[in-house]
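S.K.: Have a peek at protein-v7.tsv (TSV, N, CA and C atoms and all ligand atoms).
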```tsv
chain	number	residue	atom	x	y	z
O	60	MET	N	-7.22	-19.18	-49.69
O	60	MET	CA	-8.04	-19.54	-48.53
O	60	MET	C	-8.25	-21.04	-48.50
O	61	ARG	N	-8.26	-21.57	-47.30
O	61	ARG	CA	-8.55	-22.98	-47.12
O	61	ARG	C	-9.81	-23.13	-46.31
O	62	GLU	N	-10.62	-24.04	-46.69
O	62	GLU	CA	-11.80	-24.32	-45.88
O	62	GLU	C	-11.76	-25.78	-45.49
O	63	ARG	N	-12.06	-26.04	-44.24
O	63	ARG	CA	-11.98	-27.41	-43.78
O	63	ARG	C	-13.19	-27.69	-42.90
O	64	VAL	N	-13.89	-28.75	-43.15
O	64	VAL	CA	-15.01	-29.13	-42.30
O	64	VAL	C	-14.52	-30.24	-41.39
O	65	VAL	N	-14.67	-30.05	-40.08
O	65	VAL	CA	-14.20	-31.07	-39.15
O	65	VAL	C	-15.38	-31.67	-38.37
O	66	THR	N	-15.24	-32.90	-38.03
O	66	THR	CA	-16.23	-33.55	-37.18
O	66	THR	C	-15.81	-33.37	-35.73
O	67	MET	N	-16.74	-32.92	-34.90
O	67	MET	CA	-16.47	-32.76	-33.47
O	67	MET	C	-17.20	-33.84	-32.70
O	68	TYR	N	-16.54	-34.33	-31.67
O	68	TYR	CA	-17.16	-35.32	-30.79
O	68	TYR	C	-17.37	-34.69	-29.43
O	69	TYR	N	-18.59	-34.82	-28.91
O	69	TYR	CA	-18.94	-34.21	-27.63
O	69	TYR	C	-19.21	-35.28	-26.60
O	70	CYS	N	-18.65	-35.11	-25.42
O	70	CYS	CA	-18.94	-36.02	-24.32
O	70	CYS	C	-20.42	-35.94	-23.99
O	71	GLY	N	-21.05	-37.10	-23.79
O	71	GLY	CA	-22.47	-37.13	-23.47
O	71	GLY	C	-22.76	-36.75	-22.02
O	72	PHE	N	-21.70	-36.53	-21.22
O	72	PHE	CA	-21.90	-36.30	-19.79
O	72	PHE	C	-21.42	-34.93	-19.31
O	73	CYS	N	-20.35	-34.42	-19.95
O	73	CYS	CA	-19.83	-33.11	-19.53
O	73	CYS	C	-19.62	-32.24	-20.77
O	74	LYS	N	-18.91	-31.15	-20.62
O	74	LYS	CA	-18.78	-30.19	-21.72
O	74	LYS	C	-17.58	-30.45	-22.62
O	75	LYS	N	-16.83	-31.49	-22.30
O	75	LYS	CA	-15.61	-31.74	-23.07
O	75	LYS	C	-15.94	-32.13	-24.52
O	76	LYS	N	-15.10	-31.64	-25.45
O	76	LYS	CA	-15.26	-32.02	-26.84
O	76	LYS	C	-13.89	-32.21	-27.48
O	77	GLY	N	-13.88	-32.89	-28.61
O	77	GLY	CA	-12.60	-33.12	-29.27
O	77	GLY	C	-12.80	-33.63	-30.68
O	78	GLN	N	-11.71	-33.61	-31.44
O	78	GLN	CA	-11.79	-34.04	-32.84
O	78	GLN	C	-11.38	-35.48	-33.04
O	79	ARG	N	-10.85	-36.09	-32.02
O	79	ARG	CA	-10.43	-37.48	-32.16
O	79	ARG	C	-11.44	-38.39	-31.49
O	80	ARG	N	-12.04	-39.23	-32.30
O	80	ARG	CA	-13.10	-40.10	-31.81
O	80	ARG	C	-12.61	-41.00	-30.67
O	81	HIS	N	-11.48	-41.68	-30.88
O	81	HIS	CA	-11.06	-42.65	-29.87
O	81	HIS	C	-10.72	-41.98	-28.54
O	82	VAL	N	-10.24	-40.72	-28.61
O	82	VAL	CA	-9.93	-40.01	-27.37
O	82	VAL	C	-11.22	-39.72	-26.60
O	83	MET	N	-12.26	-39.30	-27.34
O	83	MET	CA	-13.52	-38.98	-26.66
O	83	MET	C	-14.24	-40.24	-26.18
O	84	VAL	N	-14.11	-41.32	-26.93
O	84	VAL	CA	-14.70	-42.59	-26.46
O	84	VAL	C	-14.07	-42.98	-25.13
O	85	ARG	N	-12.74	-42.87	-25.08
O	85	ARG	CA	-12.06	-43.22	-23.84
O	85	ARG	C	-12.42	-42.24	-22.73
O	86	HIS	N	-12.51	-40.95	-23.07
O	86	HIS	CA	-12.90	-39.96	-22.07
O	86	HIS	C	-14.28	-40.29	-21.47
O	87	GLU	N	-15.24	-40.60	-22.33
O	87	GLU	CA	-16.60	-40.88	-21.83
O	87	GLU	C	-16.60	-42.05	-20.85
O	88	GLN	N	-15.76	-43.04	-21.13
O	88	GLN	CA	-15.72	-44.21	-20.24
O	88	GLN	C	-15.27	-43.83	-18.83
O	89	THR	N	-14.39	-42.83	-18.74
O	89	THR	CA	-13.86	-42.47	-17.42
O	89	THR	C	-14.40	-41.13	-16.92
O	90	CYS	N	-15.27	-40.48	-17.70
O	90	CYS	CA	-15.76	-39.14	-17.35
O	90	CYS	C	-16.35	-39.11	-15.93
O	91	MET	N	-15.96	-38.08	-15.19
O	91	MET	CA	-16.41	-37.94	-13.80
O	91	MET	C	-17.94	-37.83	-13.70
O	92	ARG	N	-18.58	-37.42	-14.78
O	92	ARG	CA	-20.04	-37.27	-14.73
O	92	ARG	C	-20.78	-38.49	-15.25
O	93	ASN	N	-20.04	-39.46	-15.70
O	93	ASN	CA	-20.69	-40.69	-16.18
O	93	ASN	C	-20.96	-41.61	-14.98
O	94	PRO	N	-22.24	-41.83	-14.66
O	94	PRO	CA	-22.55	-42.63	-13.47
O	94	PRO	C	-22.12	-44.10	-13.60
O	95	LEU	N	-21.87	-44.53	-14.83
O	95	LEU	CA	-21.43	-45.92	-15.05
O	95	LEU	C	-19.99	-45.95	-15.54
O	96	ARG	N	-19.19	-45.01	-15.05
O	96	ARG	CA	-17.81	-44.88	-15.51
O	96	ARG	C	-16.92	-46.01	-15.00
O	97	GLN	N	-15.78	-46.12	-15.67
O	97	GLN	CA	-14.70	-46.87	-15.06
O	97	GLN	C	-13.70	-45.83	-14.56
O	98	CYS	N	-13.36	-45.90	-13.31
O	98	CYS	CA	-12.48	-44.89	-12.74
O	98	CYS	C	-11.14	-44.89	-13.47
O	99	GLY	N	-10.71	-43.70	-13.89
O	99	GLY	CA	-9.45	-43.57	-14.60
O	99	GLY	C	-8.24	-43.78	-13.70
O	100	MET	N	-8.44	-43.67	-12.40
O	100	MET	CA	-7.31	-43.80	-11.48
O	100	MET	C	-7.23	-45.20	-10.87
O	101	CYS	N	-8.29	-45.65	-10.22
O	101	CYS	CA	-8.21	-46.96	-9.55
O	101	CYS	C	-8.82	-48.07	-10.38
O	102	LYS	N	-9.42	-47.73	-11.53
O	102	LYS	CA	-9.99	-48.70	-12.47
O	102	LYS	C	-11.28	-49.37	-11.97
O	103	ALA	N	-11.84	-48.89	-10.88
O	103	ALA	CA	-13.10	-49.46	-10.39
O	103	ALA	C	-14.19	-49.25	-11.42
O	104	GLN	N	-15.01	-50.26	-11.67
O	104	GLN	CA	-16.11	-50.15	-12.61
O	104	GLN	C	-17.38	-49.80	-11.84
O	105	TYR	N	-17.96	-48.63	-12.14
O	105	TYR	CA	-19.19	-48.21	-11.48
O	105	TYR	C	-20.38	-48.94	-12.09
O	106	VAL	N	-21.36	-49.25	-11.27
O	106	VAL	CA	-22.61	-49.82	-11.75
O	106	VAL	C	-23.75	-48.94	-11.23
O	107	GLU	N	-24.97	-49.26	-11.60
O	107	GLU	CA	-26.14	-48.53	-11.12
O	107	GLU	C	-26.08	-48.49	-9.59
O	108	GLY	N	-26.12	-47.29	-9.00
O	108	GLY	CA	-26.15	-47.19	-7.55
O	108	GLY	C	-24.79	-47.04	-6.87
O	109	THR	N	-23.72	-47.15	-7.62
O	109	THR	CA	-22.39	-47.04	-7.00
O	109	THR	C	-22.21	-45.70	-6.30
O	110	ILE	N	-22.56	-44.61	-7.00
O	110	ILE	CA	-22.32	-43.28	-6.43
O	110	ILE	C	-23.21	-43.06	-5.20
O	111	ALA	N	-24.47	-43.49	-5.29
O	111	ALA	CA	-25.38	-43.34	-4.15
O	111	ALA	C	-24.84	-44.08	-2.93
O	112	LYS	N	-24.25	-45.25	-3.17
O	112	LYS	CA	-23.70	-46.04	-2.07
O	112	LYS	C	-22.51	-45.32	-1.43
O	113	LEU	N	-21.67	-44.73	-2.27
O	113	LEU	CA	-20.50	-44.00	-1.75
O	113	LEU	C	-20.95	-42.77	-0.96
O	114	VAL	N	-21.99	-42.10	-1.46
O	114	VAL	CA	-22.53	-40.93	-0.75
O	114	VAL	C	-23.07	-41.34	0.63
O	115	ASP	N	-23.82	-42.45	0.67
O	115	ASP	CA	-24.34	-42.95	1.94
O	115	ASP	C	-23.22	-43.21	2.93
O	116	LEU	N	-22.17	-43.83	2.41
O	116	LEU	CA	-21.02	-44.19	3.23
O	116	LEU	C	-20.36	-42.95	3.82
O	117	LEU	N	-20.20	-41.94	2.97
O	117	LEU	CA	-19.60	-40.68	3.42
O	117	LEU	C	-20.45	-40.05	4.52
O	118	MET	N	-21.78	-40.06	4.33
O	118	MET	CA	-22.66	-39.42	5.31
O	118	MET	C	-22.73	-40.22	6.61
O	119	SER	N	-22.58	-41.54	6.53
O	119	SER	CA	-22.69	-42.33	7.75
O	119	SER	C	-21.34	-42.54	8.44
O	120	GLU	N	-20.28	-42.69	7.67
O	120	GLU	CA	-18.99	-43.02	8.29
O	120	GLU	C	-17.91	-41.97	8.06
O	121	GLY	N	-18.29	-40.88	7.40
O	121	GLY	CA	-17.31	-39.81	7.20
O	121	GLY	C	-16.29	-40.13	6.13
O	122	LEU	N	-15.35	-39.21	5.99
O	122	LEU	CA	-14.33	-39.32	4.95
O	122	LEU	C	-13.48	-40.58	5.12
O	123	VAL	N	-13.22	-40.96	6.35
O	123	VAL	CA	-12.39	-42.15	6.59
O	123	VAL	C	-13.08	-43.41	6.05
O	124	GLY	N	-14.39	-43.52	6.32
O	124	GLY	CA	-15.15	-44.67	5.84
O	124	GLY	C	-15.20	-44.72	4.32
O	125	LEU	N	-15.43	-43.56	3.73
O	125	LEU	CA	-15.48	-43.48	2.27
O	125	LEU	C	-14.14	-43.87	1.67
O	126	ARG	N	-13.09	-43.30	2.21
O	126	ARG	CA	-11.75	-43.54	1.65
O	126	ARG	C	-11.34	-44.99	1.75
O	127	SER	N	-11.70	-45.65	2.82
O	127	SER	CA	-11.30	-47.06	2.91
O	127	SER	C	-12.12	-47.89	1.93
O	128	ALA	N	-13.38	-47.48	1.65
O	128	ALA	CA	-14.20	-48.21	0.69
O	128	ALA	C	-13.68	-48.07	-0.74
O	129	VAL	N	-13.10	-46.93	-1.07
O	129	VAL	CA	-12.60	-46.72	-2.43
O	129	VAL	C	-11.09	-46.91	-2.50
O	130	ASP	N	-10.52	-47.49	-1.45
O	130	ASP	CA	-9.09	-47.78	-1.43
O	130	ASP	C	-8.26	-46.52	-1.63
O	131	ASP	N	-8.71	-45.42	-1.00
O	131	ASP	CA	-8.00	-44.14	-1.04
O	131	ASP	C	-7.93	-43.49	-2.42
O	132	CYS	N	-8.75	-43.91	-3.35
O	132	CYS	CA	-8.71	-43.33	-4.69
O	132	CYS	C	-9.25	-41.89	-4.67
O	133	PRO	N	-8.44	-40.89	-5.06
O	133	PRO	CA	-8.88	-39.49	-5.03
O	133	PRO	C	-10.05	-39.23	-5.96
O	134	SER	N	-10.05	-39.85	-7.13
O	134	SER	CA	-11.10	-39.62	-8.11
O	134	SER	C	-12.45	-40.11	-7.59
O	135	CYS	N	-12.48	-41.34	-7.05
O	135	CYS	CA	-13.72	-41.88	-6.48
O	135	CYS	C	-14.15	-41.08	-5.26
O	136	THR	N	-13.18	-40.62	-4.47
O	136	THR	CA	-13.49	-39.83	-3.28
O	136	THR	C	-14.15	-38.51	-3.67
O	137	VAL	N	-13.58	-37.81	-4.65
O	137	VAL	CA	-14.10	-36.48	-4.99
O	137	VAL	C	-15.49	-36.58	-5.63
O	138	ILE	N	-15.75	-37.66	-6.34
O	138	ILE	CA	-17.08	-37.85	-6.92
O	138	ILE	C	-18.13	-37.98	-5.83
O	139	ALA	N	-17.83	-38.80	-4.83
O	139	ALA	CA	-18.77	-38.97	-3.72
O	139	ALA	C	-18.90	-37.68	-2.92
O	140	VAL	N	-17.78	-37.00	-2.69
O	140	VAL	CA	-17.79	-35.74	-1.94
O	140	VAL	C	-18.68	-34.71	-2.65
O	141	ASN	N	-18.47	-34.54	-3.96
O	141	ASN	CA	-19.25	-33.56	-4.71
O	141	ASN	C	-20.73	-33.93	-4.77
O	142	ALA	N	-21.02	-35.20	-4.96
O	142	ALA	CA	-22.42	-35.65	-5.03
O	142	ALA	C	-23.10	-35.44	-3.68
O	143	ALA	N	-22.38	-35.72	-2.60
O	143	ALA	CA	-22.97	-35.56	-1.26
O	143	ALA	C	-23.21	-34.09	-0.95
O	144	LEU	N	-22.25	-33.24	-1.29
O	144	LEU	CA	-22.41	-31.80	-1.03
O	144	LEU	C	-23.58	-31.25	-1.83
O	145	LYS	N	-23.71	-31.70	-3.09
O	145	LYS	CA	-24.80	-31.23	-3.92
O	145	LYS	C	-26.15	-31.68	-3.35
O	146	ALA	N	-26.22	-32.94	-2.95
O	146	ALA	CA	-27.47	-33.47	-2.38
O	146	ALA	C	-27.84	-32.70	-1.11
O	147	PHE	N	-26.84	-32.39	-0.30
O	147	PHE	CA	-27.08	-31.67	0.95
O	147	PHE	C	-27.56	-30.24	0.67
O	148	HIS	N	-26.91	-29.58	-0.28
O	148	HIS	CA	-27.30	-28.20	-0.62
O	148	HIS	C	-28.67	-28.12	-1.27
O	149	ASP	N	-29.00	-29.16	-2.05
O	149	ASP	CA	-30.33	-29.18	-2.67
O	149	ASP	C	-31.42	-29.22	-1.60
O	150	LYS	N	-31.11	-29.93	-0.52
O	150	LYS	CA	-32.10	-30.11	0.54
O	150	LYS	C	-32.09	-28.94	1.52
O	151	GLU	N	-30.87	-28.50	1.89
O	151	GLU	CA	-30.76	-27.44	2.89
O	151	GLU	C	-29.80	-26.36	2.40
O	152	PRO	N	-30.27	-25.51	1.49
O	152	PRO	CA	-29.37	-24.55	0.84
O	152	PRO	C	-28.80	-23.50	1.78
O	153	LEU	N	-29.45	-23.26	2.90
O	153	LEU	CA	-29.02	-22.12	3.72
O	153	LEU	C	-28.31	-22.50	5.01
O	154	VAL	N	-27.98	-23.77	5.17
O	154	VAL	CA	-27.38	-24.18	6.43
O	154	VAL	C	-25.94	-23.62	6.54
O	155	ALA	N	-25.59	-23.17	7.74
O	155	ALA	CA	-24.23	-22.66	7.96
O	155	ALA	C	-23.30	-23.84	8.20
O	156	VAL	N	-22.05	-23.68	7.78
O	156	VAL	CA	-21.09	-24.78	7.93
O	156	VAL	C	-20.99	-25.21	9.39
O	157	SER	N	-21.05	-24.23	10.31
O	157	SER	CA	-20.92	-24.56	11.73
O	157	SER	C	-22.09	-25.41	12.24
O	158	GLU	N	-23.22	-25.34	11.57
O	158	GLU	CA	-24.38	-26.14	12.00
O	158	GLU	C	-24.55	-27.41	11.17
O	159	SER	N	-23.60	-27.65	10.28
O	159	SER	CA	-23.73	-28.81	9.40
O	159	SER	C	-23.12	-30.05	10.03
O	160	PRO	N	-23.49	-31.24	9.54
O	160	PRO	CA	-22.97	-32.47	10.12
O	160	PRO	C	-21.45	-32.62	9.93
O	161	ALA	N	-20.87	-33.50	10.72
O	161	ALA	CA	-19.40	-33.67	10.71
O	161	ALA	C	-18.89	-34.06	9.33
O	162	TRP	N	-19.59	-34.97	8.66
O	162	TRP	CA	-19.11	-35.41	7.34
O	162	TRP	C	-19.02	-34.25	6.37
O	163	TYR	N	-19.95	-33.27	6.55
O	163	TYR	CA	-20.01	-32.13	5.65
O	163	TYR	C	-18.74	-31.29	5.76
O	164	LYS	N	-18.32	-31.07	7.00
O	164	LYS	CA	-17.09	-30.28	7.21
O	164	LYS	C	-15.89	-31.00	6.61
O	165	GLU	N	-15.85	-32.30	6.79
O	165	GLU	CA	-14.74	-33.08	6.20
O	165	GLU	C	-14.78	-33.00	4.68
O	166	ALA	N	-15.99	-33.10	4.13
O	166	ALA	CA	-16.14	-33.09	2.68
O	166	ALA	C	-15.71	-31.74	2.10
O	167	VAL	N	-16.13	-30.66	2.76
O	167	VAL	CA	-15.75	-29.32	2.30
O	167	VAL	C	-14.23	-29.14	2.34
O	168	GLY	N	-13.61	-29.74	3.35
O	168	GLY	CA	-12.17	-29.57	3.51
O	168	GLY	C	-11.33	-30.54	2.69
O	169	TYR	N	-11.97	-31.42	1.95
O	169	TYR	CA	-11.21	-32.43	1.21
O	169	TYR	C	-10.35	-31.80	0.13
O	170	ASP	N	-9.07	-32.12	0.14
O	170	ASP	CA	-8.10	-31.52	-0.80
O	170	ASP	C	-7.85	-32.48	-1.97
O	171	TYR	N	-8.70	-32.38	-2.98
O	171	TYR	CA	-8.61	-33.30	-4.12
O	171	TYR	C	-7.28	-33.13	-4.87
O	172	ALA	N	-6.90	-31.88	-5.13
O	172	ALA	CA	-5.67	-31.64	-5.91
O	172	ALA	C	-4.44	-32.23	-5.22
O	173	GLY	N	-4.35	-31.98	-3.93
O	173	GLY	CA	-3.20	-32.49	-3.19
O	173	GLY	C	-3.21	-34.01	-3.11
O	174	ASP	N	-4.41	-34.54	-2.92
O	174	ASP	CA	-4.58	-35.99	-2.81
O	174	ASP	C	-4.20	-36.68	-4.12
O	175	LYS	N	-4.61	-36.05	-5.22
O	175	LYS	CA	-4.34	-36.61	-6.55
O	175	LYS	C	-2.83	-36.62	-6.82
O	176	GLN	N	-2.19	-35.53	-6.44
O	176	GLN	CA	-0.75	-35.42	-6.63
O	176	GLN	C	-0.02	-36.53	-5.86
O	177	GLN	N	-0.47	-36.74	-4.64
O	177	GLN	CA	0.13	-37.76	-3.79
O	177	GLN	C	-0.07	-39.15	-4.40
O	178	TRP	N	-1.28	-39.38	-4.92
O	178	TRP	CA	-1.62	-40.68	-5.52
O	178	TRP	C	-0.67	-40.98	-6.69
O	179	TRP	N	-0.50	-40.00	-7.60
O	179	TRP	CA	0.37	-40.22	-8.77
O	179	TRP	C	1.82	-40.36	-8.35
O	180	HIS	N	2.18	-39.64	-7.32
O	180	HIS	CA	3.54	-39.77	-6.79
O	180	HIS	C	3.79	-41.22	-6.37
O	181	GLU	N	2.82	-41.81	-5.66
O	181	GLU	CA	2.97	-43.19	-5.21
O	181	GLU	C	2.93	-44.18	-6.36
O	182	VAL	N	2.03	-43.94	-7.32
O	182	VAL	CA	1.96	-44.83	-8.49
O	182	VAL	C	3.30	-44.82	-9.23
O	183	ASN	N	3.85	-43.62	-9.43
O	183	ASN	CA	5.12	-43.52	-10.15
O	183	ASN	C	6.25	-44.20	-9.40
O	184	ARG	N	6.22	-44.07	-8.08
O	184	ARG	CA	7.26	-44.69	-7.29
O	184	ARG	C	7.16	-46.21	-7.38
O	185	GLU	N	5.90	-46.72	-7.34
O	185	GLU	CA	5.71	-48.17	-7.45
O	185	GLU	C	6.17	-48.68	-8.80
O	186	GLN	N	5.87	-47.91	-9.85
O	186	GLN	CA	6.28	-48.35	-11.18
O	186	GLN	C	7.79	-48.30	-11.33
O	187	ALA	N	8.40	-47.29	-10.75
O	187	ALA	CA	9.86	-47.21	-10.81
O	187	ALA	C	10.46	-48.44	-10.13
O	188	ALA	N	9.83	-48.85	-9.04
O	188	ALA	CA	10.33	-50.03	-8.31
O	188	ALA	C	10.21	-51.27	-9.18
O	189	VAL	N	9.09	-51.37	-9.96
O	189	VAL	CA	8.91	-52.53	-10.82
O	189	VAL	C	9.92	-52.53	-11.96
O	190	TYR	N	10.12	-51.36	-12.58
O	190	TYR	CA	10.97	-51.30	-13.78
O	190	TYR	C	12.46	-51.28	-13.44
O	191	TYR	N	12.79	-50.55	-12.38
O	191	TYR	CA	14.22	-50.37	-12.12
O	191	TYR	C	14.68	-51.05	-10.84
O	192	GLY	N	13.72	-51.65	-10.14
O	192	GLY	CA	14.07	-52.36	-8.92
O	192	GLY	C	14.59	-51.48	-7.80
O	193	CYS	N	14.08	-50.21	-7.75
O	193	CYS	CA	14.53	-49.35	-6.64
O	193	CYS	C	13.35	-48.90	-5.80
O	201	ZN	ZN	-17.09	-35.96	-19.98
O	202	ZN	ZN	-11.26	-44.57	-8.34
```
Now, as a test, write the supplied structure out as structure tokens.
M.R.:
Amino acid sequence: MRERVVTMYYCGFCKKKGQRRHVMVRHEQTCMRNPLRQCGMCKAQYVEGTIAKLVDLLMSEGLVGLRSAVDDCPSCTVIAVNAALKAFHDKEPLVAVSESPAWYKEAVGYDYAGDKQQWWHEVNREQAAVYYGC
């Protein structure tokens, strides 16, 4: 029989855990639940109030306004979308989608997975152009 005691590292913001310290340190820096994160996709550094500002923008100018503010970054977009939906539900839990504001319908319909795929597709294409000149 072998017995092994391992040290586990837990993200201070979400449920993720791991045995490699440096991996979890890096995860915490970009964790979607860290309000002071550095975005893992567009590298934007969040400060106090960043998410609240993005939520305001989404509610006042819709998905188009939000997306132009975050330079089309899917990760920053989905954070604002989720925070806005949560804030709205906390306040008005029983509102029907048909009676909800325009931004809400856009937010509910936001396709994060597809958007993320498209983003990486473009990043890879840009890098291929840099490395191989095509
Ligand atoms: Zn986390
Ligand atoms: Zn971002």
S.K.: Rounded to one decimal place, report the atom C of Trp179 of chain O-atom N of Pro133 of chain O distance in Å.
M.R.: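 Atom-to-atom, atom C of Trp179 of chain O and atom N of Pro133 of chain O are spaced 10.8 Å apart.
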S.K.: Check which residues fall inside 8 Å of ligand ZN 201 (chain O) when counting all atoms listed in the file, and print them as a PyMOL selection string.
M.R.: chain O and resi 69-76+86-93
S.K.: Could you pull out all residues of segment 68-186 of chain O with a DSSP call of alpha helix (DSSP H) and give them as a PyMOL selection string?
M.R.: chain O and resi 80-89+109-128+133-150+161-167+171-186
S.K.: By how many Å are atom CA of Cys132 of chain O and atom ZN of ligand ZN 202 (chain O) apart?
M.R.: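 These atoms are spaced 4.6 Å apart.
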S.K.: Do a neighbour search on Ser119 of chain O at 12 Å with only C-alpha atoms, toss out local chain neighbours closer than 5 positions, and write the hits as a ChimeraX atom specification.
M.R.: /O:112-114,124-125,143,160-163
S.K.: Using only N, CA and C atoms, please write the residues we just selected to a file, as a PDB file, in the coordinates of the input.
M.R.:
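Done, and the output landed in selection-v6.pdb:
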```pdb
ATOM      1  N   LYS O 112     -24.250 -45.250  -3.170  1.00  0.00           N
ATOM      2  CA  LYS O 112     -23.700 -46.040  -2.070  1.00  0.00           C
ATOM      3  C   LYS O 112     -22.510 -45.320  -1.430  1.00  0.00           C
ATOM      4  N   LEU O 113     -21.670 -44.730  -2.270  1.00  0.00           N
ATOM      5  CA  LEU O 113     -20.500 -44.000  -1.750  1.00  0.00           C
ATOM      6  C   LEU O 113     -20.950 -42.770  -0.960  1.00  0.00           C
ATOM      7  N   VAL O 114     -21.990 -42.100  -1.460  1.00  0.00           N
ATOM      8  CA  VAL O 114     -22.530 -40.930  -0.750  1.00  0.00           C
ATOM      9  C   VAL O 114     -23.070 -41.340   0.630  1.00  0.00           C
ATOM     10  N   GLY O 124     -14.390 -43.520   6.320  1.00  0.00           N
ATOM     11  CA  GLY O 124     -15.150 -44.670   5.840  1.00  0.00           C
ATOM     12  C   GLY O 124     -15.200 -44.720   4.320  1.00  0.00           C
ATOM     13  N   LEU O 125     -15.430 -43.560   3.730  1.00  0.00           N
ATOM     14  CA  LEU O 125     -15.480 -43.480   2.270  1.00  0.00           C
ATOM     15  C   LEU O 125     -14.140 -43.870   1.670  1.00  0.00           C
ATOM     16  N   ALA O 143     -22.380 -35.720  -2.600  1.00  0.00           N
ATOM     17  CA  ALA O 143     -22.970 -35.560  -1.260  1.00  0.00           C
ATOM     18  C   ALA O 143     -23.210 -34.090  -0.950  1.00  0.00           C
ATOM     19  N   PRO O 160     -23.490 -31.240   9.540  1.00  0.00           N
ATOM     20  CA  PRO O 160     -22.970 -32.470  10.120  1.00  0.00           C
ATOM     21  C   PRO O 160     -21.450 -32.620   9.930  1.00  0.00           C
ATOM     22  N   ALA O 161     -20.870 -33.500  10.720  1.00  0.00           N
ATOM     23  CA  ALA O 161     -19.400 -33.670  10.710  1.00  0.00           C
ATOM     24  C   ALA O 161     -18.890 -34.060   9.330  1.00  0.00           C
ATOM     25  N   TRP O 162     -19.590 -34.970   8.660  1.00  0.00           N
ATOM     26  CA  TRP O 162     -19.110 -35.410   7.340  1.00  0.00           C
ATOM     27  C   TRP O 162     -19.020 -34.250   6.370  1.00  0.00           C
ATOM     28  N   TYR O 163     -19.950 -33.270   6.550  1.00  0.00           N
ATOM     29  CA  TYR O 163     -20.010 -32.130   5.650  1.00  0.00           C
ATOM     30  C   TYR O 163     -18.740 -31.290   5.760  1.00  0.00           C
TER      31      TYR O 163
END
```
S.K.: Sorted by chain and rising residue number, which residues of chain O lie within 7 Å of ligand ZN 202 (chain O), and what are their closest atom pairs and distances in Å to one decimal, counting only N, CA and C atoms and all ligand atoms, as CSV?
M.R.:
```
residue,atom,partner,partner_atom,distance
O:Gln97,C,O:ZN202,ZN,6.8
O:Cys98,CA,O:ZN202,ZN,4.6
O:Gly99,N,O:ZN202,ZN,5.6
O:Met100,C,O:ZN202,ZN,4.8
O:Cys101,N,O:ZN202,ZN,3.7
O:Lys102,N,O:ZN202,ZN,4.9
O:Ala103,N,O:ZN202,ZN,5.0
O:Val129,C,O:ZN202,ZN,6.3
O:Asp131,C,O:ZN202,ZN,6.9
O:Cys132,CA,O:ZN202,ZN,4.6
O:Pro133,N,O:ZN202,ZN,5.7
O:Ser134,C,O:ZN202,ZN,4.7
O:Cys135,N,O:ZN202,ZN,3.7
O:Thr136,N,O:ZN202,ZN,5.9
```
S.K.: Calculate how many Å separate atom CA of Asp174 of chain O from atom CA of Val137 of chain O, rounding to one decimal.
M.R.: 9.8 Å
S.K.: Find the spatial neighbours of segment 144-146 of chain O, counting all atoms listed in the file, within a cut-off of 8 Å - ignore same-chain residues fewer than 4 positions away - and output them as a list of chain:residue names.
M.R.: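 My list of contacting residues is O:Val114, O:Ile138, O:Ala139, O:Val140, O:Lys150, O:Glu151, O:Tyr163, O:Ala166, O:Val167.
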S.K.: For the strand (DSSP E or B) assignment from backbone DSSP, which residues of chain O qualify? Please present them as a list in words.
M.R.: Tyr68, Tyr69, Lys76, Gly77, Gln97 and Gln104 of chain O
S.K.: Measuring atom to atom with only C-alpha atoms, identify which of O:Tyr190, O:Val182, O:Ser127, O:Glu120 is nearest to Glu165 of chain O.
M.R.: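 Selected residue with least distance to Glu165 of chain O: O:Glu120.
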S.K.: Taking (-9.7, -35.0, 7.9) in the coordinates of the supplied file, I want to know which residues reach to within 8 Å of it, counting only C-alpha atoms; could you give the answer as a list of chain:residue names?
M.R.: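 Counting only C-alpha atoms, I find these residues within 8 Å of (-9.7, -35.0, 7.9): O:Leu122, O:Val123, O:Glu165, O:Gly168, O:Tyr169.
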